[in-house]
Each structure stands twice: as structure tokens, then as C-alpha cells.
$ cat final.pdb   # PDB, C-alpha atoms and all ligand atoms
ATOM      1  CA  VAL A   1      -0.045   3.673   2.026  1.00  0.00           C
ATOM      2  CA  ILE A   2      -2.932   2.070   3.502  1.00  0.00           C
ATOM      3  CA  TYR A   3      -6.335   0.949   4.475  1.00  0.00           C
ATOM      4  CA  THR A   4      -8.194   3.764   2.787  1.00  0.00           C
ATOM      5  CA  GLU A   5      -6.632   3.203  -0.566  1.00  0.00           C
ATOM      6  CA  PRO A   6      -8.557   1.971  -3.576  1.00  0.00           C
ATOM      7  CA  ALA A   7      -9.877  -1.517  -3.292  1.00  0.00           C
ATOM      8  CA  ARG A   8      -7.165  -4.099  -3.444  1.00  0.00           C
ATOM      9  CA  ARG A   9      -7.848  -6.343  -6.340  1.00  0.00           C
ATOM     10  CA  THR A  10      -6.520  -9.736  -5.561  1.00  0.00           C
ATOM     11  CA  ASN A  11      -7.209 -12.962  -7.285  1.00  0.00           C
ATOM     12  CA  HIS A  12      -9.845 -15.057  -5.595  1.00  0.00           C
ATOM     13  CA  ARG A  13      -7.404 -17.515  -4.200  1.00  0.00           C
ATOM     14  CA  THR A  14      -5.447 -14.808  -2.419  1.00  0.00           C
ATOM     15  CA  ARG A  15      -8.523 -12.937  -1.292  1.00  0.00           C
ATOM     16  CA  ILE A  16      -9.841 -16.069   0.361  1.00  0.00           C
ATOM     17  CA  ARG A  17      -6.549 -16.760   2.084  1.00  0.00           C
ATOM     18  CA  TRP A  18      -6.272 -13.241   3.499  1.00  0.00           C
ATOM     19  CA  GLY A  19      -9.902 -13.291   4.456  1.00  0.00           C
ATOM     20  CA  ARG A  20      -9.337 -16.369   6.586  1.00  0.00           C
ATOM     21  CA  VAL A  21      -6.350 -14.788   8.250  1.00  0.00           C
ATOM     22  CA  ALA A  22      -8.392 -11.661   8.951  1.00  0.00           C
ATOM     23  CA  VAL A  23     -11.110 -13.684  10.609  1.00  0.00           C
ATOM     24  CA  LEU A  24      -8.593 -15.478  12.801  1.00  0.00           C
ATOM     25  CA  VAL A  25      -6.977 -12.228  13.825  1.00  0.00           C
ATOM     26  CA  VAL A  26     -10.291 -10.592  14.594  1.00  0.00           C
ATOM     27  CA  VAL A  27     -11.392 -13.529  16.702  1.00  0.00           C
ATOM     28  CA  SER A  28      -8.135 -13.839  18.576  1.00  0.00           C
ATOM     29  CA  ALA A  29      -7.942 -10.091  19.098  1.00  0.00           C
ATOM     30  CA  ALA A  30     -11.458 -10.001  20.471  1.00  0.00           C
ATOM     31  CA  LEU A  31     -10.750 -12.894  22.842  1.00  0.00           C
ATOM     32  CA  GLY A  32      -7.608 -11.224  24.013  1.00  0.00           C
ATOM     33  CA  GLY A  33      -9.308  -7.917  24.570  1.00  0.00           C
ATOM     34  CA  LEU A  34      -6.888  -6.363  22.145  1.00  0.00           C
ATOM     35  CA  LEU A  35      -9.364  -5.041  19.637  1.00  0.00           C
ATOM     36  CA  GLY A  36      -8.502  -1.582  18.465  1.00  0.00           C
ATOM     37  CA  HIS A  37      -4.892  -1.774  19.564  1.00  0.00           C
ATOM     38  CA  GLU A  38      -2.066  -1.774  17.098  1.00  0.00           C
ATOM     39  CA  LEU A  39       0.710  -4.299  17.047  1.00  0.00           C
ATOM     40  CA  PRO A  40       3.854  -3.010  18.715  1.00  0.00           C
ATOM     41  CA  ALA A  41       6.407  -1.774  16.236  1.00  0.00           C
ATOM     42  CA  SER A  42       8.912  -4.311  17.500  1.00  0.00           C
ATOM     43  CA  THR A  43       6.914  -7.096  15.876  1.00  0.00           C
ATOM     44  CA  SER A  44       6.883  -5.481  12.461  1.00  0.00           C
ATOM     45  CA  SER A  45       9.706  -7.516  10.996  1.00  0.00           C
ATOM     46  CA  THR A  46       7.668 -10.658  11.401  1.00  0.00           C
ATOM     47  CA  ALA A  47       4.205  -9.151  11.151  1.00  0.00           C
ATOM     48  CA  THR A  48       3.632  -9.279   7.423  1.00  0.00           C
ATOM     49  CA  ALA A  49       0.551 -11.474   7.483  1.00  0.00           C
ATOM     50  CA  PRO A  50      -0.958  -9.873  10.602  1.00  0.00           C
ATOM     51  CA  ALA A  51      -0.428  -6.416   9.092  1.00  0.00           C
ATOM     52  CA  HIS A  52      -2.457  -7.383   6.066  1.00  0.00           C
ATOM     53  CA  ALA A  53      -5.007  -9.146   8.182  1.00  0.00           C
ATOM     54  CA  ARG A  54      -5.331  -6.235  10.555  1.00  0.00           C
ATOM     55  CA  ARG A  55      -5.906  -3.886   7.678  1.00  0.00           C
ATOM     56  CA  HIS A  56      -8.627  -6.077   6.269  1.00  0.00           C
ATOM     57  CA  ALA A  57     -10.037  -6.637   9.730  1.00  0.00           C
ATOM     58  CA  HIS A  58     -10.339  -2.894  10.225  1.00  0.00           C
ATOM     59  CA  ARG A  59     -12.136  -2.625   6.950  1.00  0.00           C
ATOM     60  CA  HIS A  60     -14.601  -5.352   7.809  1.00  0.00           C
ATOM     61  CA  LEU A  61     -15.194  -4.119  11.338  1.00  0.00           C
ATOM     62  CA  ALA A  62     -15.662  -0.524  10.318  1.00  0.00           C
ATOM     63  CA  GLY A  63     -17.701  -1.353   7.245  1.00  0.00           C
ATOM     64  CA  ALA A  64     -15.409   0.951   5.319  1.00  0.00           C
ATOM     65  CA  PRO A  65     -16.378   1.118   1.669  1.00  0.00           C
ATOM     66  CA  GLU A  66     -13.889  -0.155  -0.819  1.00  0.00           C
ATOM     67  CA  GLY A  67     -12.611   2.101  -3.553  1.00  0.00           C
ATOM     68  CA  LEU A  68     -12.101   5.821  -3.351  1.00  0.00           C
ATOM     69  CA  PRO A  69     -13.358   7.582  -0.269  1.00  0.00           C
ATOM     70  CA  ALA A  70     -16.670   9.323  -0.722  1.00  0.00           C
ATOM     71  CA  PRO A  71     -16.474  13.055  -1.367  1.00  0.00           C
ATOM     72  CA  PRO A  72     -17.317  15.298   1.574  1.00  0.00           C
ATOM     73  CA  ALA A  73     -21.003  16.102   1.927  1.00  0.00           C
ATOM     74  CA  GLY A  74     -22.052  18.944  -0.296  1.00  0.00           C
ATOM     75  CA  GLN A  75     -19.096  18.517  -2.589  1.00  0.00           C
ATOM     76  CA  GLY A  76     -19.736  17.557  -6.164  1.00  0.00           C
ATOM     77  CA  ALA A  77     -17.375  15.370  -8.083  1.00  0.00           C
ATOM     78  CA  ALA A  78     -15.673  12.367  -6.558  1.00  0.00           C
ATOM     79  CA  LEU A  79     -11.987  11.879  -7.053  1.00  0.00           C
ATOM     80  CA  GLY A  80     -11.404   9.812 -10.142  1.00  0.00           C
ATOM     81  CA  GLU A  81      -8.847   8.326 -12.468  1.00  0.00           C
ATOM     82  CA  ALA A  82      -7.313  11.735 -13.148  1.00  0.00           C
ATOM     83  CA  ASP A  83      -6.453  11.977  -9.440  1.00  0.00           C
ATOM     84  CA  GLY A  84      -4.814   8.571  -9.420  1.00  0.00           C
ATOM     85  CA  ALA A  85      -7.663   6.143  -8.845  1.00  0.00           C
ATOM     86  CA  ILE A  86      -6.706   2.797 -10.369  1.00  0.00           C
ATOM     87  CA  PRO A  87      -9.395   0.836 -12.243  1.00  0.00           C
ATOM     88  CA  ASP A  88      -9.699  -2.884 -11.631  1.00  0.00           C
ATOM     89  CA  GLY A  89      -7.274  -4.962 -13.661  1.00  0.00           C
ATOM     90  CA  THR A  90      -4.690  -2.200 -14.140  1.00  0.00           C
ATOM     91  CA  THR A  91      -1.118  -3.444 -14.486  1.00  0.00           C
ATOM     92  CA  VAL A  92       2.248  -1.705 -14.641  1.00  0.00           C
ATOM     93  CA  PHE A  93       1.950  -1.723 -18.445  1.00  0.00           C
ATOM     94  CA  ASP A  94      -1.164   0.494 -18.537  1.00  0.00           C
ATOM     95  CA  SER A  95       0.509   3.852 -19.172  1.00  0.00           C
ATOM     96  CA  GLY A  96      -2.805   5.437 -20.163  1.00  0.00           C
ATOM     97  CA  VAL A  97      -3.981   5.301 -16.564  1.00  0.00           C
ATOM     98  CA  PRO A  98      -2.557   8.441 -14.866  1.00  0.00           C
ATOM     99  CA  GLY A  99      -1.818   6.538 -11.665  1.00  0.00           C
ATOM    100  CA  ILE A 100       0.592   4.425 -13.736  1.00  0.00           C
ATOM    101  CA  GLY A 101       1.698   6.849 -16.441  1.00  0.00           C
ATOM    102  CA  ARG A 102       2.731   9.535 -13.946  1.00  0.00           C
ATOM    103  CA  LEU A 103       5.046   7.278 -11.971  1.00  0.00           C
ATOM    104  CA  ASP A 104       8.725   8.158 -12.012  1.00  0.00           C
ATOM    105  CA  PRO A 105      10.064   6.556 -15.244  1.00  0.00           C
ATOM    106  CA  PRO A 106      12.943   4.650 -13.603  1.00  0.00           C
ATOM    107  CA  LEU A 107      10.512   3.158 -11.067  1.00  0.00           C
ATOM    108  CA  LEU A 108       8.072   2.206 -13.795  1.00  0.00           C
ATOM    109  CA  GLY A 109      10.862   0.678 -15.867  1.00  0.00           C
ATOM    110  CA  ALA A 110      12.023  -1.465 -12.977  1.00  0.00           C
ATOM    111  CA  LEU A 111       8.458  -2.586 -12.311  1.00  0.00           C
ATOM    112  CA  ARG A 112       8.009  -3.623 -15.932  1.00  0.00           C
ATOM    113  CA  ARG A 113      11.253  -5.595 -15.984  1.00  0.00           C
ATOM    114  CA  ALA A 114      10.175  -7.373 -12.846  1.00  0.00           C
ATOM    115  CA  ALA A 115       6.700  -7.950 -14.260  1.00  0.00           C
ATOM    116  CA  VAL A 116       8.085  -9.687 -17.338  1.00  0.00           C
ATOM    117  CA  ASP A 117      10.044 -12.101 -15.159  1.00  0.00           C
ATOM    118  CA  ALA A 118       7.206 -12.561 -12.690  1.00  0.00           C
ATOM    119  CA  ALA A 119       4.899 -13.519 -15.550  1.00  0.00           C
ATOM    120  CA  ARG A 120       7.072 -16.611 -16.073  1.00  0.00           C
ATOM    121  CA  ASP A 121       6.105 -17.574 -12.538  1.00  0.00           C
ATOM    122  CA  GLY A 122       2.462 -16.969 -13.350  1.00  0.00           C
ATOM    123  CA  VAL A 123       2.271 -13.771 -11.296  1.00  0.00           C
ATOM    124  CA  ASP A 124       0.360 -10.721 -12.594  1.00  0.00           C
ATOM    125  CA  PHE A 125       1.676  -7.289 -11.690  1.00  0.00           C
ATOM    126  CA  ASP A 126      -1.598  -5.624 -10.778  1.00  0.00           C
ATOM    127  CA  VAL A 127      -1.337  -2.225  -9.139  1.00  0.00           C
ATOM    128  CA  ASP A 128      -3.637  -1.035  -6.354  1.00  0.00           C
ATOM    129  CA  SER A 129      -2.264   2.498  -6.210  1.00  0.00           C
ATOM    130  CA  GLY A 130       0.549   4.408  -7.857  1.00  0.00           C
ATOM    131  CA  TRP A 131       0.810   8.152  -8.443  1.00  0.00           C
ATOM    132  CA  ARG A 132      -1.856  10.122  -6.594  1.00  0.00           C
ATOM    133  CA  SER A 133      -2.811  13.792  -6.817  1.00  0.00           C
ATOM    134  CA  ALA A 134      -2.335  16.033  -3.801  1.00  0.00           C
ATOM    135  CA  ALA A 135      -6.114  16.330  -3.556  1.00  0.00           C
ATOM    136  CA  TYR A 136      -6.489  12.569  -3.410  1.00  0.00           C
ATOM    137  CA  GLN A 137      -3.748  12.271  -0.782  1.00  0.00           C
ATOM    138  CA  GLU A 138      -5.307  15.068   1.272  1.00  0.00           C
ATOM    139  CA  GLN A 139      -8.612  13.244   1.313  1.00  0.00           C
ATOM    140  CA  LEU A 140      -6.917   9.998   2.351  1.00  0.00           C
ATOM    141  CA  PHE A 141      -5.207  11.802   5.204  1.00  0.00           C
ATOM    142  CA  ARG A 142      -8.361  13.581   6.362  1.00  0.00           C
ATOM    143  CA  ASP A 143     -10.224  10.292   6.349  1.00  0.00           C
ATOM    144  CA  ALA A 144      -7.446   8.670   8.371  1.00  0.00           C
ATOM    145  CA  VAL A 145      -7.509  11.479  10.960  1.00  0.00           C
ATOM    146  CA  ALA A 146     -11.262  11.008  11.313  1.00  0.00           C
ATOM    147  CA  LYS A 147     -10.807   7.269  11.703  1.00  0.00           C
ATOM    148  CA  TYR A 148      -7.837   7.230  14.065  1.00  0.00           C
ATOM    149  CA  GLY A 149      -8.698  10.328  16.052  1.00  0.00           C
ATOM    150  CA  SER A 150      -5.461  12.255  15.693  1.00  0.00           C
ATOM    151  CA  GLU A 151      -2.978  13.350  13.061  1.00  0.00           C
ATOM    152  CA  ALA A 152      -0.231  11.550  14.957  1.00  0.00           C
ATOM    153  CA  GLU A 153      -1.948   8.178  14.776  1.00  0.00           C
ATOM    154  CA  ALA A 154      -3.135   8.734  11.205  1.00  0.00           C
ATOM    155  CA  SER A 155       0.463   9.425  10.226  1.00  0.00           C
ATOM    156  CA  ARG A 156       1.366   5.839  11.000  1.00  0.00           C
ATOM    157  CA  TRP A 157      -0.727   4.841   8.006  1.00  0.00           C
ATOM    158  CA  VAL A 158      -1.214   7.747   5.634  1.00  0.00           C
ATOM    159  CA  ALA A 159       1.230  10.401   4.472  1.00  0.00           C
ATOM    160  CA  THR A 160       0.266  14.004   3.834  1.00  0.00           C
ATOM    161  CA  PRO A 161       0.288  15.510   0.331  1.00  0.00           C
ATOM    162  CA  THR A 162       3.678  17.095   1.027  1.00  0.00           C
ATOM    163  CA  THR A 163       5.328  13.936   2.325  1.00  0.00           C
ATOM    164  CA  SER A 164       3.721  11.189   0.261  1.00  0.00           C
ATOM    165  CA  ALA A 165       5.983   9.269  -2.087  1.00  0.00           C
ATOM    166  CA  HIS A 166       2.844   8.463  -4.059  1.00  0.00           C
ATOM    167  CA  VAL A 167       2.201  12.136  -4.838  1.00  0.00           C
ATOM    168  CA  ALA A 168       5.802  12.391  -6.049  1.00  0.00           C
ATOM    169  CA  GLY A 169       5.290   9.361  -8.301  1.00  0.00           C
ATOM    170  CA  ASP A 170       7.924   7.428  -6.381  1.00  0.00           C
ATOM    171  CA  ALA A 171       5.848   4.623  -4.871  1.00  0.00           C
ATOM    172  CA  VAL A 172       3.454   1.859  -5.831  1.00  0.00           C
ATOM    173  CA  ASP A 173       1.124  -0.318  -3.805  1.00  0.00           C
ATOM    174  CA  MET A 174       0.990  -3.723  -5.454  1.00  0.00           C
ATOM    175  CA  ALA A 175      -1.756  -6.330  -5.347  1.00  0.00           C
ATOM    176  CA  SER A 176      -0.949  -9.259  -3.117  1.00  0.00           C
ATOM    177  CA  GLY A 177       0.451 -11.617  -5.745  1.00  0.00           C
ATOM    178  CA  ALA A 178       2.922  -9.073  -7.067  1.00  0.00           C
ATOM    179  CA  ALA A 179       3.823  -7.869  -3.587  1.00  0.00           C
ATOM    180  CA  GLY A 180       4.647 -11.394  -2.543  1.00  0.00           C
ATOM    181  CA  TRP A 181       6.780 -11.946  -5.612  1.00  0.00           C
ATOM    182  CA  LEU A 182       8.608  -8.662  -5.052  1.00  0.00           C
ATOM    183  CA  SER A 183       9.297  -9.459  -1.426  1.00  0.00           C
ATOM    184  CA  ALA A 184      11.327 -12.418  -2.650  1.00  0.00           C
ATOM    185  CA  HIS A 185      12.798 -11.043  -5.893  1.00  0.00           C
ATOM    186  CA  GLY A 186      12.382  -7.238  -5.879  1.00  0.00           C
ATOM    187  CA  ALA A 187      15.878  -6.311  -4.721  1.00  0.00           C
ATOM    188  CA  ALA A 188      17.367  -7.598  -7.987  1.00  0.00           C
ATOM    189  CA  TYR A 189      15.343  -4.877  -9.739  1.00  0.00           C
ATOM    190  CA  GLY A 190      15.964  -2.211  -7.101  1.00  0.00           C
ATOM    191  CA  LEU A 191      12.401  -2.576  -5.851  1.00  0.00           C
ATOM    192  CA  CYS A 192      12.181  -2.517  -2.074  1.00  0.00           C
ATOM    193  CA  GLN A 193       9.556  -2.675   0.639  1.00  0.00           C
ATOM    194  CA  ILE A 194      10.135   0.432   2.755  1.00  0.00           C
ATOM    195  CA  TYR A 195       7.826   0.014   5.765  1.00  0.00           C
ATOM    196  CA  GLY A 196       7.419  -3.087   7.894  1.00  0.00           C
ATOM    197  CA  ASN A 197       3.704  -2.410   8.287  1.00  0.00           C
ATOM    198  CA  GLU A 198       3.084  -1.980   4.539  1.00  0.00           C
ATOM    199  CA  PRO A 199       4.108  -5.158   2.674  1.00  0.00           C
ATOM    200  CA  TRP A 200       2.361  -3.841  -0.451  1.00  0.00           C
ATOM    201  CA  HIS A 201       4.281  -0.529  -0.731  1.00  0.00           C
ATOM    202  CA  PHE A 202       7.408  -0.523  -2.936  1.00  0.00           C
ATOM    203  CA  GLU A 203       9.846   2.170  -3.981  1.00  0.00           C
ATOM    204  CA  LEU A 204      12.955   2.209  -6.167  1.00  0.00           C
ATOM    205  CA  ARG A 205      16.288   1.834  -4.383  1.00  0.00           C
ATOM    206  CA  PRO A 206      18.778   1.353  -7.253  1.00  0.00           C
ATOM    207  CA  GLU A 207      21.607   0.371  -4.901  1.00  0.00           C
ATOM    208  CA  ALA A 208      19.576  -2.658  -3.842  1.00  0.00           C
ATOM    209  CA  VAL A 209      20.588  -4.405  -7.066  1.00  0.00           C
ATOM    210  CA  THR A 210      24.101  -4.844  -5.702  1.00  0.00           C
ATOM    211  CA  GLN A 211      23.653  -4.249  -1.962  1.00  0.00           C
ATOM    212  CA  GLY A 212      20.202  -5.621  -1.215  1.00  0.00           C
ATOM    213  CA  CYS A 213      17.328  -3.568   0.102  1.00  0.00           C
ATOM    214  CA  PRO A 214      17.943  -1.257   3.059  1.00  0.00           C
ATOM    215  CA  ALA A 215      16.483  -2.074   6.468  1.00  0.00           C
ATOM    216  CA  MET A 216      12.795  -1.235   6.645  1.00  0.00           C
ATOM    217  CA  TYR A 217      11.262   1.408   8.852  1.00  0.00           C
ATOM    218  CA  ALA A 218       8.728  -0.129  11.244  1.00  0.00           C
ATOM    219  CA  ASP A 219       6.137   2.302   9.926  1.00  0.00           C
ATOM    220  CA  PRO A 220       6.110   5.675   8.130  1.00  0.00           C
ATOM    221  CA  THR A 221       6.527   7.707  11.328  1.00  0.00           C
ATOM    222  CA  HIS A 222      10.109   6.397  11.517  1.00  0.00           C
ATOM    223  CA  ASP A 223      10.897   7.657   8.011  1.00  0.00           C
ATOM    224  CA  PRO A 224      12.758  11.016   8.099  1.00  0.00           C
ATOM    225  CA  ARG A 225      10.942  12.005   4.902  1.00  0.00           C
ATOM    226  CA  MET A 226       7.666  11.934   6.784  1.00  0.00           C
ATOM    227  CA  GLN A 227       8.601  14.715   9.219  1.00  0.00           C
ATOM    228  CA  ARG A 228       6.248  17.563   8.465  1.00  0.00           C
TER     229      ARG A 228
HETATM  230 ZN    ZN B   1       1.930   3.069  -0.569  1.00  0.00          ZN
END
$ encode --input "final.pdb" --output "C-alpha cells" --more "lines below"
Ligand SMILES: [Zn+2]
Amino acid sequence: VIYTEPARRTNHRTRIRWGRVAVLVVVSAALGGLLGHELPASTSSTATAPAHARRHAHRHLAGAPEGLPAPPAGQGAALGEADGAIPDGTTVFDSGVPGIGRLDPPLLGALRRAAVDAARDGVDFDVDSGWRSAAYQEQLFRDAVAKYGSEAEASRWVATPTTSAHVAGDAVDMASGAAGWLSAHGAAYGLCQIYGNEPWHFELRPEAVTQGCPAMYADPTHDPRMQR
């Protein structure tokens, strides 16, 4: 889940493309007086690019730092790799990184099978976030509450430690190249996008191999697993 996650490492080509989209969205939103408003959920099925752009736009507008959130004032150590932070250049094959190695084995296996095939298309399977500790997830949620002003609004973007599929090791957030490849080919590996507003977030749905991926939830608040 979301805007506060570790910096998305994209290749330069993709970063530039998304950057341009973000600028367009920011400009058009400002002209329309829509700044600060979210897209209605009903547009989610077609809002893949705007969702990305909006996320990046928020980051640019807010000046949010990339990478792990800063530790609270007066607290010592920042959250690190042991809590699930993913170093730049990490792929699904880097088992030594806890954020990768602590993923559910069937999910990781499916990701690696997909990665081998995606490599033939010249696509790297870089991971932005995988398994995360409860402490890491708690900090992400607290930061989101501070940013969005309420737990209800924050819940559209960030799960709590008890509800997060990342804490359970059941979800990955892929860099843009891999996410795009998976959106077209993931079902054959049981890898499905779950939320319309998170085109980077994938989970294993084994039945998708034969039945296709299930319908997406518009955002996490529509997911029964997210009820706290
Ligand atoms: Zn996610």
C-alpha cells in the first residue's frame, strides 16, 4: 500500500513518463479547483495512470521524503532492512533481504516464475515493498493519519498492522515496469492486482490461473479483510 512506502525505484524512462503525467494532473487539478480531492471510486477501473500520478503529485506537493518515514522525534533508530525496508535494486530473487525472504513461499515462487518470463520481454522484477514488520506498518499508518487527518481516510491508502497483507507476507508492491507486465500477464501465474487504486500491489490468487483474477476492490476500504 501506498504513498508513504519506500521510494519507488523505476527506470529513468518510466520515472520520466510518470513525472509528466503527475505534472499534467497537478496542473489540471489546480485549474479545476480539485486539488486535495480524491478521485471518486467509480472511476477506479479506468484510473490506473491518474492513481499513480496522484500519488506522485501528493509526494511532490507535500515535499514528502522518499524512503522510509523518519522516526518520531526523540526516538533513536530508524526502521531498516530488518523491518522490511527494500534497498534499491532489490528483485524477487534477493532472498537475503527480509522484505523478500519473509514473503509467503507460494507467492514468492509465483513471482519468480513470472520474473523469468518477464525477463524475456526485457522487464526487471524490482520490488518496492514486500513483507513489512508490524512496527513498520504501524508507522506507515500513523503517518497516513497525520497526512489525511483521520483514520477513516488514511485507511483508503494504508492498512493497519493487523490487517495488512504485507505484514502477513502475502503482498508485494512492484516497481512500475513489473507492475505493468503483471497487469497484462499476472493472472497466468496467479498474481493479481487487488485494489483499483493500487496498480502496484499484487497478491497470490491461485484460482486466477484457470479463472482469471477476481474483480478488484475500488480501494482497501472495500476489502472485508480490512475491517478492524
Ligand atoms: Zn501494497
$ atom_distance --input "final.pdb" --atom1 "atom CA of A:Val123" --atom2 "atom CA of A:Asp173"
15.4 Å
$ resolve_selection --input "final.pdb" --expression "the PyMOL selection byres (((chain A and resi 104) around 8) and not hetatm)" --output "PyMOL selection string"
chain A and resi 102-103+105-108+168-170
$ atom_distance --input "final.pdb" --atom1 "atom CA of A:Tyr136" --atom2 "atom CA of A:Asp83"
6.1 Å
$ residues_near_point --input "final.pdb" --point "(2.5, -2.8, -15.2)" --cutoff "9 Å" --atoms "only C-alpha atoms" --output "list in words"
Thr90, Thr91, Val92, Phe93, Asp94, Ser95, Ile100, Leu108, Leu111, Arg112, Ala115, Asp124, Phe125, Asp126 and Val127 of chain A
$ atom_distance --input "final.pdb" --atom1 "atom CA of A:Phe141" --atom2 "atom CA of A:Val158"
5.7 Å
$ closest_atom_pairs --input "final.pdb" --of "chain A" --to "ligand ZN 1 (chain B)" --cutoff "8 Å" --atoms "all atoms listed in the file" --output "Markdown table"
| residue | atom | partner | partner_atom | distance |
| --- | --- | --- | --- | --- |
| A:Val1 | CA | B:ZN1 | ZN | 3.3 |
| A:Ile2 | CA | B:ZN1 | ZN | 6.4 |
| A:Ser129 | CA | B:ZN1 | ZN | 7.1 |
| A:Gly130 | CA | B:ZN1 | ZN | 7.5 |
| A:Ala165 | CA | B:ZN1 | ZN | 7.6 |
| A:His166 | CA | B:ZN1 | ZN | 6.5 |
| A:Ala171 | CA | B:ZN1 | ZN | 6.0 |
| A:Val172 | CA | B:ZN1 | ZN | 5.6 |
| A:Asp173 | CA | B:ZN1 | ZN | 4.8 |
| A:Glu198 | CA | B:ZN1 | ZN | 7.3 |
| A:Trp200 | CA | B:ZN1 | ZN | 6.9 |
| A:His201 | CA | B:ZN1 | ZN | 4.3 |
| A:Phe202 | CA | B:ZN1 | ZN | 7.0 |
$ closest_residue --input "final.pdb" --among "A:Pro199, A:Gly122, A:Gly149, A:Gly80" --to "A:Ala184" --atoms "only C-alpha atoms"
A:Pro199
$ residues_near_point --input "final.pdb" --point "(-7.0, 7.1, -9.4)" --cutoff "9 Å" --atoms "all atoms listed in the file" --output "VMD selection string"
chain A and resid 6 68 79 to 87 97 to 99 129 to 133 136
$ resolve_selection --input "final.pdb" --expression "the PyMOL selection byres (((chain A and resi 222) around 12) and not hetatm)" --output "PDB file with C-alpha atoms, keeping the file's coordinate frame"
ATOM      1  CA  ALA A  41       6.407  -1.774  16.236  1.00  0.00           C
ATOM      2  CA  SER A 155       0.463   9.425  10.226  1.00  0.00           C
ATOM      3  CA  ARG A 156       1.366   5.839  11.000  1.00  0.00           C
ATOM      4  CA  TRP A 157      -0.727   4.841   8.006  1.00  0.00           C
ATOM      5  CA  ILE A 194      10.135   0.432   2.755  1.00  0.00           C
ATOM      6  CA  TYR A 195       7.826   0.014   5.765  1.00  0.00           C
ATOM      7  CA  GLY A 196       7.419  -3.087   7.894  1.00  0.00           C
ATOM      8  CA  ASN A 197       3.704  -2.410   8.287  1.00  0.00           C
ATOM      9  CA  ALA A 215      16.483  -2.074   6.468  1.00  0.00           C
ATOM     10  CA  MET A 216      12.795  -1.235   6.645  1.00  0.00           C
ATOM     11  CA  TYR A 217      11.262   1.408   8.852  1.00  0.00           C
ATOM     12  CA  ALA A 218       8.728  -0.129  11.244  1.00  0.00           C
ATOM     13  CA  ASP A 219       6.137   2.302   9.926  1.00  0.00           C
ATOM     14  CA  PRO A 220       6.110   5.675   8.130  1.00  0.00           C
ATOM     15  CA  THR A 221       6.527   7.707  11.328  1.00  0.00           C
ATOM     16  CA  ASP A 223      10.897   7.657   8.011  1.00  0.00           C
ATOM     17  CA  PRO A 224      12.758  11.016   8.099  1.00  0.00           C
ATOM     18  CA  ARG A 225      10.942  12.005   4.902  1.00  0.00           C
ATOM     19  CA  MET A 226       7.666  11.934   6.784  1.00  0.00           C
ATOM     20  CA  GLN A 227       8.601  14.715   9.219  1.00  0.00           C
TER      21      GLN A 227
END
$ closest_residue --input "final.pdb" --among "A:Ser150, A:Ser176, A:Gln139, A:Gln193" --to "A:Ala208" --atoms "only C-alpha atoms"
A:Gln193
$ closest_residue --input "final.pdb" --among "A:Gly180, A:Ala110, A:Ser164, A:Glu138" --to "A:Arg205" --atoms "all atoms listed in the file"
A:Ala110
$ build_atoms --input "final.pdb" --residues "stretch 214-226 of chain A" --atoms "N, CA, C and O atoms" --output "PDB file, keeping the file's coordinate frame"
ATOM      1  N   PRO A 214      17.610  -1.780   1.724  1.00  0.00           N
ATOM      2  CA  PRO A 214      17.943  -1.257   3.059  1.00  0.00           C
ATOM      3  C   PRO A 214      16.981  -1.781   4.109  1.00  0.00           C
ATOM      4  O   PRO A 214      15.895  -2.267   3.775  1.00  0.00           O
ATOM      5  N   ALA A 215      17.369  -1.673   5.368  1.00  0.00           N
ATOM      6  CA  ALA A 215      16.483  -2.074   6.468  1.00  0.00           C
ATOM      7  C   ALA A 215      15.191  -1.265   6.384  1.00  0.00           C
ATOM      8  O   ALA A 215      15.199  -0.091   6.026  1.00  0.00           O
ATOM      9  N   MET A 216      14.090  -1.929   6.691  1.00  0.00           N
ATOM     10  CA  MET A 216      12.795  -1.235   6.645  1.00  0.00           C
ATOM     11  C   MET A 216      12.596  -0.368   7.889  1.00  0.00           C
ATOM     12  O   MET A 216      13.100  -0.668   8.954  1.00  0.00           O
ATOM     13  N   TYR A 217      11.799   0.688   7.702  1.00  0.00           N
ATOM     14  CA  TYR A 217      11.262   1.408   8.852  1.00  0.00           C
ATOM     15  C   TYR A 217      10.065   0.606   9.370  1.00  0.00           C
ATOM     16  O   TYR A 217       9.320   0.020   8.573  1.00  0.00           O
ATOM     17  N   ALA A 218       9.865   0.619  10.682  1.00  0.00           N
ATOM     18  CA  ALA A 218       8.728  -0.129  11.244  1.00  0.00           C
ATOM     19  C   ALA A 218       7.418   0.385  10.668  1.00  0.00           C
ATOM     20  O   ALA A 218       6.530  -0.390  10.317  1.00  0.00           O
ATOM     21  N   ASP A 219       7.298   1.690  10.570  1.00  0.00           N
ATOM     22  CA  ASP A 219       6.137   2.302   9.926  1.00  0.00           C
ATOM     23  C   ASP A 219       6.548   3.699   9.471  1.00  0.00           C
ATOM     24  O   ASP A 219       7.664   4.152   9.779  1.00  0.00           O
ATOM     25  N   PRO A 220       5.686   4.396   8.719  1.00  0.00           N
ATOM     26  CA  PRO A 220       6.110   5.675   8.130  1.00  0.00           C
ATOM     27  C   PRO A 220       6.566   6.732   9.134  1.00  0.00           C
ATOM     28  O   PRO A 220       7.338   7.623   8.760  1.00  0.00           O
ATOM     29  N   THR A 221       6.109   6.665  10.381  1.00  0.00           N
ATOM     30  CA  THR A 221       6.527   7.707  11.328  1.00  0.00           C
ATOM     31  C   THR A 221       8.021   7.648  11.613  1.00  0.00           C
ATOM     32  O   THR A 221       8.607   8.605  12.099  1.00  0.00           O
ATOM     33  N   HIS A 222       8.668   6.523  11.297  1.00  0.00           N
ATOM     34  CA  HIS A 222      10.109   6.397  11.517  1.00  0.00           C
ATOM     35  C   HIS A 222      10.919   6.876  10.311  1.00  0.00           C
ATOM     36  O   HIS A 222      12.143   6.892  10.358  1.00  0.00           O
ATOM     37  N   ASP A 223      10.231   7.236   9.245  1.00  0.00           N
ATOM     38  CA  ASP A 223      10.897   7.657   8.011  1.00  0.00           C
ATOM     39  C   ASP A 223      11.182   9.158   8.089  1.00  0.00           C
ATOM     40  O   ASP A 223      10.248   9.947   8.228  1.00  0.00           O
ATOM     41  N   PRO A 224      12.435   9.577   8.007  1.00  0.00           N
ATOM     42  CA  PRO A 224      12.758  11.016   8.099  1.00  0.00           C
ATOM     43  C   PRO A 224      12.018  11.852   7.061  1.00  0.00           C
ATOM     44  O   PRO A 224      11.734  13.025   7.306  1.00  0.00           O
ATOM     45  N   ARG A 225      11.666  11.248   5.932  1.00  0.00           N
ATOM     46  CA  ARG A 225      10.942  12.005   4.902  1.00  0.00           C
ATOM     47  C   ARG A 225       9.546  12.390   5.357  1.00  0.00           C
ATOM     48  O   ARG A 225       8.908  13.275   4.781  1.00  0.00           O
ATOM     49  N   MET A 226       9.039  11.702   6.353  1.00  0.00           N
ATOM     50  CA  MET A 226       7.666  11.934   6.784  1.00  0.00           C
ATOM     51  C   MET A 226       7.543  13.046   7.815  1.00  0.00           C
ATOM     52  O   MET A 226       6.460  13.378   8.263  1.00  0.00           O
TER      53      MET A 226
END
